[in-house]
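See below for start-v4.csv, which holds CSV, C-alpha atoms.
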```csv
chain,number,residue,atom,x,y,z
A,1,GLN,CA,-41.6,-6.5,20.3
A,2,GLN,CA,-41.9,-6.4,16.5
A,3,PRO,CA,-40.7,-2.8,16.2
A,4,ILE,CA,-37.7,-3.7,18.4
A,5,ALA,CA,-36.9,-6.8,16.3
A,6,ALA,CA,-37.3,-4.7,13.1
A,7,SER,CA,-35.0,-2.0,14.5
A,8,LEU,CA,-32.4,-4.6,15.5
A,9,THR,CA,-32.6,-6.2,12.1
A,10,HIS,CA,-32.2,-2.9,10.3
A,11,ALA,CA,-29.2,-2.0,12.5
A,12,ALA,CA,-27.6,-5.3,11.8
A,13,VAL,CA,-28.1,-4.9,8.0
A,14,LEU,CA,-26.6,-1.3,8.2
A,15,LEU,CA,-23.6,-2.6,10.2
A,16,PHE,CA,-23.0,-5.5,7.7
A,17,ALA,CA,-23.2,-3.0,4.8
A,18,TYR,CA,-20.8,-0.6,6.5
A,19,LEU,CA,-18.3,-3.3,7.2
A,20,TYR,CA,-18.5,-5.5,4.0
A,21,LEU,CA,-19.8,-3.6,1.0
A,22,PRO,CA,-16.9,-3.3,-1.5
A,23,LEU,CA,-15.1,0.0,-1.5
A,24,PRO,CA,-13.6,1.6,-4.7
A,25,ALA,CA,-9.9,0.6,-5.2
A,26,PRO,CA,-7.4,3.3,-4.1
A,27,ASN,CA,-6.5,5.6,-7.0
A,28,VAL,CA,-2.8,5.0,-6.6
A,29,ALA,CA,-0.3,3.8,-9.2
A,30,PRO,CA,0.5,0.1,-8.8
A,31,PRO,CA,4.0,-1.2,-8.3
A,32,ARG,CA,5.9,-2.3,-11.4
A,33,VAL,CA,9.5,-3.0,-12.5
A,34,GLY,CA,11.6,0.0,-11.6
A,35,ASP,CA,8.9,1.6,-9.4
A,36,CYS,CA,8.6,-0.7,-6.4
A,37,VAL,CA,9.0,-0.2,-2.6
A,38,GLU,CA,8.7,-3.2,-0.2
A,39,LEU,CA,6.9,-2.8,3.0
A,40,HIS,CA,6.5,-5.6,5.6
A,41,LEU,CA,3.4,-6.4,7.7
A,42,TYR,CA,4.4,-8.1,10.9
A,43,SER,CA,1.8,-9.6,13.2
A,44,ASN,CA,1.4,-11.8,16.2
A,45,GLY,CA,-2.2,-12.7,15.4
A,46,TYR,CA,-3.7,-9.8,17.5
A,47,HIS,CA,-1.6,-6.7,16.7
A,48,SER,CA,0.1,-5.6,13.5
A,49,ASP,CA,3.1,-3.3,12.8
A,50,ILE,CA,4.4,-2.2,9.5
A,51,GLY,CA,8.0,-2.1,8.5
A,52,ALA,CA,9.0,0.7,6.0
A,53,PRO,CA,12.3,1.8,4.5
A,54,ALA,CA,13.6,5.0,6.1
A,55,SER,CA,14.5,6.2,2.6
A,56,ILE,CA,10.8,6.7,1.7
A,57,PHE,CA,10.7,9.5,4.3
A,58,PRO,CA,12.2,12.9,3.5
A,59,GLU,CA,15.7,13.4,4.8
A,60,ASN,CA,14.5,16.0,7.3
A,61,HIS,CA,11.5,14.0,8.4
A,62,PRO,CA,11.0,13.9,12.2
A,63,LEU,CA,11.3,10.2,12.3
A,64,ARG,CA,14.6,10.3,10.6
A,65,ARG,CA,15.8,13.0,12.9
A,66,LEU,CA,14.6,10.8,15.9
A,67,TYR,CA,16.6,7.8,14.6
A,68,PRO,CA,19.1,9.1,12.1
A,69,GLU,CA,20.9,5.8,11.7
A,70,ALA,CA,17.8,3.8,11.0
A,71,GLU,CA,17.6,1.9,7.7
A,72,SER,CA,13.9,1.1,8.3
A,73,PHE,CA,11.2,1.9,10.8
A,74,LEU,CA,8.7,-0.4,12.5
A,75,ILE,CA,5.5,1.5,13.0
A,76,GLY,CA,2.5,0.7,15.1
A,77,TRP,CA,-0.5,2.7,16.4
A,78,GLY,CA,-2.9,2.0,19.3
A,79,ASP,CA,-4.6,3.1,22.5
A,80,GLN,CA,-2.1,4.7,24.8
A,81,ARG,CA,-2.8,2.9,28.1
A,82,PHE,CA,-3.3,-0.5,26.5
A,83,TYR,CA,-0.3,-0.2,24.3
A,84,TYR,CA,1.9,0.6,27.4
A,85,SER,CA,0.6,-2.6,29.0
A,86,ASP,CA,1.6,-6.2,28.4
A,87,GLY,CA,-1.7,-6.8,26.6
A,88,THR,CA,-3.2,-9.2,29.1
A,89,ASP,CA,-5.6,-6.9,31.0
A,90,LEU,CA,-9.0,-7.6,29.5
A,91,TRP,CA,-10.7,-4.7,31.2
A,92,LEU,CA,-8.1,-2.3,30.0
A,93,GLY,CA,-8.6,-3.6,26.5
A,94,LEU,CA,-12.4,-3.2,26.7
A,95,ASP,CA,-11.9,0.3,28.1
A,96,ALA,CA,-9.8,1.2,25.1
A,97,LEU,CA,-12.8,0.5,22.8
A,98,ILE,CA,-14.8,3.3,24.5
A,99,PRO,CA,-13.9,6.7,23.2
A,100,PRO,CA,-12.3,9.0,23.8
A,101,SER,CA,-9.2,6.9,24.0
A,102,PRO,CA,-5.9,8.8,23.4
A,103,SER,CA,-3.6,7.1,21.0
A,104,VAL,CA,0.2,6.8,20.4
A,105,LEU,CA,2.5,5.8,17.6
A,106,HIS,CA,5.1,3.2,18.4
A,107,ILE,CA,8.3,3.7,16.4
A,108,ALA,CA,11.3,1.4,16.4
A,109,TYR,CA,14.3,1.6,14.1
A,110,ASN,CA,15.4,-1.3,11.9
A,111,ALA,CA,12.1,-3.1,11.5
A,112,ALA,CA,13.1,-6.8,11.2
A,113,PRO,CA,15.1,-7.1,14.4
A,114,SER,CA,12.7,-4.8,16.3
A,115,SER,CA,9.7,-6.9,15.3
A,116,VAL,CA,10.9,-9.6,17.7
A,117,TYR,CA,9.0,-7.7,20.5
A,118,LEU,CA,5.8,-8.7,18.9
A,119,GLY,CA,6.6,-12.4,18.9
A,120,PRO,CA,5.5,-12.3,15.3
A,121,ASN,CA,4.0,-15.4,13.6
A,122,ASP,CA,3.6,-13.7,10.3
A,123,ASP,CA,5.8,-11.4,8.1
A,124,THR,CA,4.1,-10.5,4.8
A,125,ALA,CA,6.0,-8.5,2.2
A,126,ILE,CA,3.9,-5.9,0.3
A,127,ALA,CA,5.0,-4.2,-2.9
A,128,VAL,CA,3.8,-0.6,-3.4
A,129,SER,CA,4.8,2.1,-5.9
A,130,ARG,CA,6.8,5.2,-5.0
A,131,GLU,CA,3.6,7.2,-5.2
A,132,GLY,CA,2.0,4.7,-2.8
A,133,ALA,CA,5.0,5.0,-0.5
A,134,ALA,CA,4.7,8.8,-0.5
A,135,ARG,CA,1.0,8.5,0.4
A,136,PHE,CA,1.9,6.1,3.1
A,137,VAL,CA,4.3,8.6,4.6
A,138,ALA,CA,1.5,11.3,4.3
A,139,HIS,CA,-0.8,9.0,6.2
A,140,ILE,CA,1.7,8.7,9.0
A,141,ASP,CA,2.2,12.4,9.0
A,142,ARG,CA,-1.5,13.0,9.6
A,143,TYR,CA,-1.2,11.2,12.9
A,144,LEU,CA,2.2,12.3,14.1
A,145,VAL,CA,2.0,15.3,16.5
A,146,LEU,CA,5.0,17.7,16.4
A,147,ASP,CA,6.2,20.3,18.9
A,148,GLU,CA,6.9,23.9,18.2
A,149,ASN,CA,10.3,23.0,16.8
A,150,GLY,CA,8.9,20.4,14.4
A,151,GLU,CA,10.1,17.4,16.4
A,152,ALA,CA,8.1,14.3,17.2
A,153,VAL,CA,6.8,14.4,20.8
A,154,ARG,CA,8.2,11.5,22.7
A,155,VAL,CA,5.9,10.4,25.5
A,156,SER,CA,7.6,7.2,26.7
A,157,ASP,CA,10.2,4.7,25.9
A,158,GLY,CA,9.0,2.0,23.6
A,159,LYS,CA,8.6,-1.7,23.7
A,160,VAL,CA,12.1,-2.4,22.2
A,161,ILE,CA,14.6,-1.4,24.8
A,162,GLY,CA,17.0,1.3,23.6
A,163,ARG,CA,15.6,1.4,20.0
A,164,SER,CA,12.0,2.5,20.2
A,165,ALA,CA,9.7,5.2,21.5
A,166,PHE,CA,6.0,6.0,22.0
A,167,LEU,CA,5.1,9.3,20.2
A,168,ARG,CA,2.1,11.5,20.7
A,169,SER,CA,-0.5,10.8,18.0
A,170,ARG,CA,-3.7,12.2,16.7
A,171,GLY,CA,-6.9,10.1,16.5
A,172,SER,CA,-8.9,8.2,19.1
A,173,PHE,CA,-8.8,4.5,19.4
A,174,HIS,CA,-12.3,2.9,19.5
A,175,LEU,CA,-14.4,0.0,18.2
A,176,PHE,CA,-14.3,1.2,14.6
A,177,ASN,CA,-10.7,2.4,14.7
A,178,VAL,CA,-8.6,-0.3,16.3
A,179,CYS,CA,-5.0,-0.9,15.6
A,180,ASN,CA,-5.5,-3.3,12.7
A,181,GLN,CA,-8.1,-1.0,11.1
A,182,TRP,CA,-5.6,1.8,11.4
A,183,MET,CA,-2.9,-0.3,9.8
A,184,ALA,CA,-5.3,-1.3,7.0
A,185,ARG,CA,-6.0,2.4,6.3
A,186,ALA,CA,-2.3,3.1,6.1
A,187,LEU,CA,-2.0,0.3,3.5
A,188,ARG,CA,-5.0,1.6,1.6
A,189,ALA,CA,-3.3,5.0,1.5
A,190,ALA,CA,-0.3,3.2,-0.1
A,191,GLY,CA,-2.5,1.7,-2.8
A,192,VAL,CA,-3.3,-1.7,-1.3
A,193,ASP,CA,-6.9,-2.6,-2.2
A,194,ILE,CA,-8.3,-3.9,1.1
A,195,ASN,CA,-11.4,-3.2,3.2
A,196,ALA,CA,-10.1,-1.4,6.3
A,197,ARG,CA,-13.5,-1.3,8.0
A,198,ALA,CA,-13.6,-5.1,8.5
A,199,ALA,CA,-10.0,-5.5,9.6
A,200,TRP,CA,-10.6,-5.7,13.3
A,201,LEU,CA,-8.3,-8.6,13.8
A,202,ALA,CA,-4.9,-9.3,12.4
A,203,GLY,CA,-5.8,-12.6,10.7
A,204,PRO,CA,-8.4,-11.1,8.3
A,205,LEU,CA,-6.1,-8.2,7.6
A,206,ILE,CA,-3.3,-10.5,6.6
A,207,ARG,CA,-5.6,-12.6,4.4
A,208,GLN,CA,-6.8,-9.5,2.6
A,209,VAL,CA,-3.3,-8.2,2.0
A,210,ARG,CA,-2.2,-11.6,0.6
```
Could you quickly redo this structure as structure tokens?
Amino acid sequence: QQPIAASLTHAAVLLFAYLYLPLPAPNVAPPRVGDCVELHLYSNGYHSDIGAPASIFPENHPLRRLYPEAESFLIGWGDQRFYYSDGTDLWLGLDALIPPSPSVLHIAYNAAPSSVYLGPNDDTAIAVSREGAARFVAHIDRYLVLDENGEAVRVSDGKVIGRSAFLRSRGSFHLFNVCNQWMARALRAAGVDINARAAWLAGPLIRQVR
């Protein structure tokens, strides 16, 4: 029993270190007067989406071609089957944590009105530099799957009727890469100094961002 207890203790220490040891701050220029882009983190306490100005994406970007009249985008990521659901199926949620779990991006145009689908109880404004905004776009691009014509691959209508879509995405959803951790990594790419590993839930993510 002692070797088992020692192994469990060792595993717990490693897990704690993985989750909570400080990470180096992102090497990204901070926002300042004249170099500032505002993002918005919307959350309902469980899931988080990010609102970003359409203008930070290149004019010929697939998302801008998808919604050419958008002034901003509301962006989320998650397990495909669970994201399609109403979020109340516990077994579906648990199954999502076991890889491989295919993922999708959820894109809606005009972030503030589209965020209503979340029933958000929090809207946190986040300032990043233009360099940070460009790196945020690059992070989105790493997950966005394109077809042979360079267009985003639409797999289903989205949660916001008439103004959103689920798009094919790279990456597997699992216990150490849930939607809020993905969102935290997107924010770290933009230069926000947060610990993405420990951001399982929306509440801790929001507290870190603030």
**Message:** I need the residue nearest Thr124 in chain A from this list: A:Ile56, A:Ala202, A:Cys36, A:Ile140. Use all atoms listed in the file for the distance.
**Reply:** A:Ala202
**Given all atoms listed in the file as the counted atoms, nearest of A:Leu97, A:Ala54, A:Ile107, A:Val33 to Leu74 in chain A** =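 Between A:Leu97, A:Ala54, A:Ile107, A:Val33, the residue approaching Leu74 in chain A most closely is A:Ile107.
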**Asked** Counting only C-alpha atoms, what is within 10 Å of Asp122 in chain A, bar same-chain residues fewer than 4 positions away, as a list in words?
**Response**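 Contacts, with the query itself left out: His40, Leu41, Tyr42, Ser43, Asn44, Gly45, Ser48, Ala202, Gly203 and Ile206 of chain A.
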**Using all atoms listed in the file: which of A:Arg154, A:Arg135, A:Arg81, A:Arg130 has the shortest distance to Pro62 in chain A** =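 So, comparing all the options, the nearest one is A:Arg154.
Note that CA of Ala125 in chain A and CA of Val178 in chain A are 21.9 Å apart.
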**Asked** Suppose you want the space between CA of Ala25 in chain A and CA of Arg185 in chain A; what is it in Å?
**Response**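 Between CA of Ala25 in chain A and CA of Arg185 in chain A the gap works out to 12.3 Å.
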**Request:** Find the residues around Leu66 in chain A up to 9 Å (all atoms listed in the file counted), leave out those fewer than 3 positions away in its own chain, and share them as an MDAnalysis selection string.
**Result:** chainID A and resid 61:63 151:152
Could you write out the selected residues, including C-alpha atoms, as a tab-separated table (two decimals), in the frame of the given file?
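Okay, part.tsv is ready:
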```
chain	number	residue	atom	x	y	z
A	61	HIS	CA	11.50	14.00	8.40
A	62	PRO	CA	11.00	13.90	12.20
A	63	LEU	CA	11.30	10.20	12.30
A	151	GLU	CA	10.10	17.40	16.40
A	152	ALA	CA	8.10	14.30	17.20
```
**Request:** Provide the CA of Pro102 in chain A to CA of Gly132 in chain A distance in Å, to one decimal place.
**Result:**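 Distance reported for this atom pair: 27.7 Å.
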Padding 8 Å on every side, please: axis-aligned box over the listed atoms of range 50-66 of chain A, centre and edge lengths to one decimal in Å, as lines of an AutoDock Vina configuration file.
```
center_x = 10.1
center_y = 6.9
center_z = 8.8
size_x = 27.4
size_y = 34.2
size_z = 30.2
```
